[in-house]
Amino acid sequence: SVWSYSHETANMMLTIPYVTSAVLTPLIGCVVDRFGYRCHLLLFAAVLLSIVHFIFMTGYVDAWLNMLSLIGIGVAYSMFCGVIWPSFAIIVDPKTLGTAYGFGTAGYNLFLGLFFFVVGILAKHDAEEFHPSDEDMVELEDHKYKHVEHFLLAMSVLSIFTASCLWYLDHNAGGHLRIATMKLKVVHDLNQFLKEELDEFQDLETVSSVGMAKF
């Protein structure tokens, strides 16, 4: 590894984002259901990822800082998962929900594959140019994943822009992503109740009209 960790230590640290995400994703999902503010959470997650990748890019060797950064990745990933996928059901017509999930999953896998391809090229290029710095330095200014972290930091900053655009578009469209899921369900149930009552009233009116016509 860049910081000369053993394989066992490196493997243990790499489990941190996944364990963090496994614990936090259901909790964040509950928070979104109760309070909403999905675009706010997406923007916070993008900013958090940018900070984490900036730390990794600079190559700090402090173990606790690296562990906190990995936890930050887990928190950001939990927010993305707890917000993005449920949002499909809010903004997409139920009749085309399966199609929306299909396109969303296809796009996700496509860009994920492209990311691995680009990261592999950058990592190979960095490994060929890697010249380790003095081990006693507090900060490694040059490491073999430098260009990879530049790329990931750029994507994180881009996600800040896209989250801001989503926030703006949702605000102009009525702020559906800001509303809590529970409130959306209440509104849906109320609309359904009113529709049923209106249909019943129209049926009664029709029956009355027929009865009056007979007389």
# chains A, B, ... in the order shown; residues from 1 in each chain; ligands from 1
$ residues_around --residues "Phe161 in chain A" --least-positions-apart "3" --cutoff "12 Å" --atoms "only C-alpha atoms" --output "list of chain:residue names"
A:Cys39, A:Leu42, A:Leu43, A:Phe44, A:Ala46, A:Val47, A:Ser50, A:Ala154, A:Met155, A:Ser156, A:Val157, A:Leu158, A:Ser164, A:Cys165, A:Leu166, A:Trp167, A:Tyr168
$ write_last_selection --atoms "N, CA and C atoms" --output "PDB file, in the first residue's frame"
ATOM      1  N   CYS A  39     -32.164  16.024  -1.733  1.00  0.00           N
ATOM      2  CA  CYS A  39     -31.120  16.769  -2.446  1.00  0.00           C
ATOM      3  C   CYS A  39     -30.081  17.325  -1.473  1.00  0.00           C
ATOM      4  N   LEU A  42     -27.778  14.440  -0.703  1.00  0.00           N
ATOM      5  CA  LEU A  42     -26.899  14.151  -1.831  1.00  0.00           C
ATOM      6  C   LEU A  42     -25.770  15.166  -1.935  1.00  0.00           C
ATOM      7  N   LEU A  43     -26.092  16.429  -1.731  1.00  0.00           N
ATOM      8  CA  LEU A  43     -25.068  17.471  -1.797  1.00  0.00           C
ATOM      9  C   LEU A  43     -24.054  17.307  -0.672  1.00  0.00           C
ATOM     10  N   PHE A  44     -24.534  16.989   0.526  1.00  0.00           N
ATOM     11  CA  PHE A  44     -23.619  16.760   1.656  1.00  0.00           C
ATOM     12  C   PHE A  44     -22.707  15.568   1.378  1.00  0.00           C
ATOM     13  N   ALA A  46     -21.730  14.443  -1.535  1.00  0.00           N
ATOM     14  CA  ALA A  46     -20.760  14.821  -2.566  1.00  0.00           C
ATOM     15  C   ALA A  46     -19.629  15.659  -1.974  1.00  0.00           C
ATOM     16  N   VAL A  47     -19.975  16.595  -1.101  1.00  0.00           N
ATOM     17  CA  VAL A  47     -18.950  17.410  -0.440  1.00  0.00           C
ATOM     18  C   VAL A  47     -18.058  16.540   0.431  1.00  0.00           C
ATOM     19  N   SER A  50     -15.617  14.661  -1.651  1.00  0.00           N
ATOM     20  CA  SER A  50     -14.558  15.546  -2.140  1.00  0.00           C
ATOM     21  C   SER A  50     -13.494  15.755  -1.075  1.00  0.00           C
ATOM     22  N   ALA A 154     -11.978  14.910  -8.948  1.00  0.00           N
ATOM     23  CA  ALA A 154     -12.688  15.652 -10.000  1.00  0.00           C
ATOM     24  C   ALA A 154     -14.117  15.146 -10.134  1.00  0.00           C
ATOM     25  N   MET A 155     -14.324  13.832 -10.057  1.00  0.00           N
ATOM     26  CA  MET A 155     -15.670  13.267 -10.139  1.00  0.00           C
ATOM     27  C   MET A 155     -16.515  13.668  -8.924  1.00  0.00           C
ATOM     28  N   SER A 156     -15.876  13.775  -7.761  1.00  0.00           N
ATOM     29  CA  SER A 156     -16.597  14.199  -6.559  1.00  0.00           C
ATOM     30  C   SER A 156     -17.050  15.653  -6.681  1.00  0.00           C
ATOM     31  N   VAL A 157     -16.171  16.489  -7.206  1.00  0.00           N
ATOM     32  CA  VAL A 157     -16.535  17.892  -7.414  1.00  0.00           C
ATOM     33  C   VAL A 157     -17.645  17.993  -8.466  1.00  0.00           C
ATOM     34  N   LEU A 158     -17.567  17.158  -9.495  1.00  0.00           N
ATOM     35  CA  LEU A 158     -18.628  17.141 -10.501  1.00  0.00           C
ATOM     36  C   LEU A 158     -19.961  16.717  -9.890  1.00  0.00           C
ATOM     37  N   SER A 164     -26.338  19.904  -7.057  1.00  0.00           N
ATOM     38  CA  SER A 164     -26.874  21.269  -6.999  1.00  0.00           C
ATOM     39  C   SER A 164     -27.893  21.492  -8.118  1.00  0.00           C
ATOM     40  N   CYS A 165     -27.601  20.971  -9.306  1.00  0.00           N
ATOM     41  CA  CYS A 165     -28.556  21.089 -10.421  1.00  0.00           C
ATOM     42  C   CYS A 165     -29.845  20.341 -10.117  1.00  0.00           C
ATOM     43  N   LEU A 166     -29.725  19.159  -9.520  1.00  0.00           N
ATOM     44  CA  LEU A 166     -30.910  18.386  -9.154  1.00  0.00           C
ATOM     45  C   LEU A 166     -31.744  19.137  -8.128  1.00  0.00           C
ATOM     46  N   TRP A 167     -31.079  19.736  -7.165  1.00  0.00           N
ATOM     47  CA  TRP A 167     -31.758  20.537  -6.145  1.00  0.00           C
ATOM     48  C   TRP A 167     -32.545  21.676  -6.812  1.00  0.00           C
ATOM     49  N   TYR A 168     -31.900  22.369  -7.753  1.00  0.00           N
ATOM     50  CA  TYR A 168     -32.537  23.496  -8.434  1.00  0.00           C
ATOM     51  C   TYR A 168     -33.739  23.029  -9.253  1.00  0.00           C
TER      52      TYR A 168
END
$ atom_distance --atom1 "CA of Leu68 in chain A" --atom2 "CA of Val119 in chain A"
23.0 Å
$ atom_distance --atom1 "CA of Ala63 in chain A" --atom2 "CA of Phe116 in chain A"
26.1 Å
$ residues_around --residues "Ile179 in chain A" --least-positions-apart "4" --cutoff "9 Å" --atoms "only C-alpha atoms" --output "list in words"
Val32, Asp33, Arg34, Phe35, Gly36, Tyr37, Arg38, Gly175, Lys183 and Leu184 of chain A
$ residues_around --residues "range 91-105 of chain A" --least-positions-apart "6" --cutoff "10 Å" --atoms "only C-alpha atoms" --output "list in words"
Ile84, Trp85, Asp170, His176 and Leu177 of chain A
$ atom_distance --atom1 "CA of Gly82 in chain A" --atom2 "CA of Thr25 in chain A"
5.7 Å
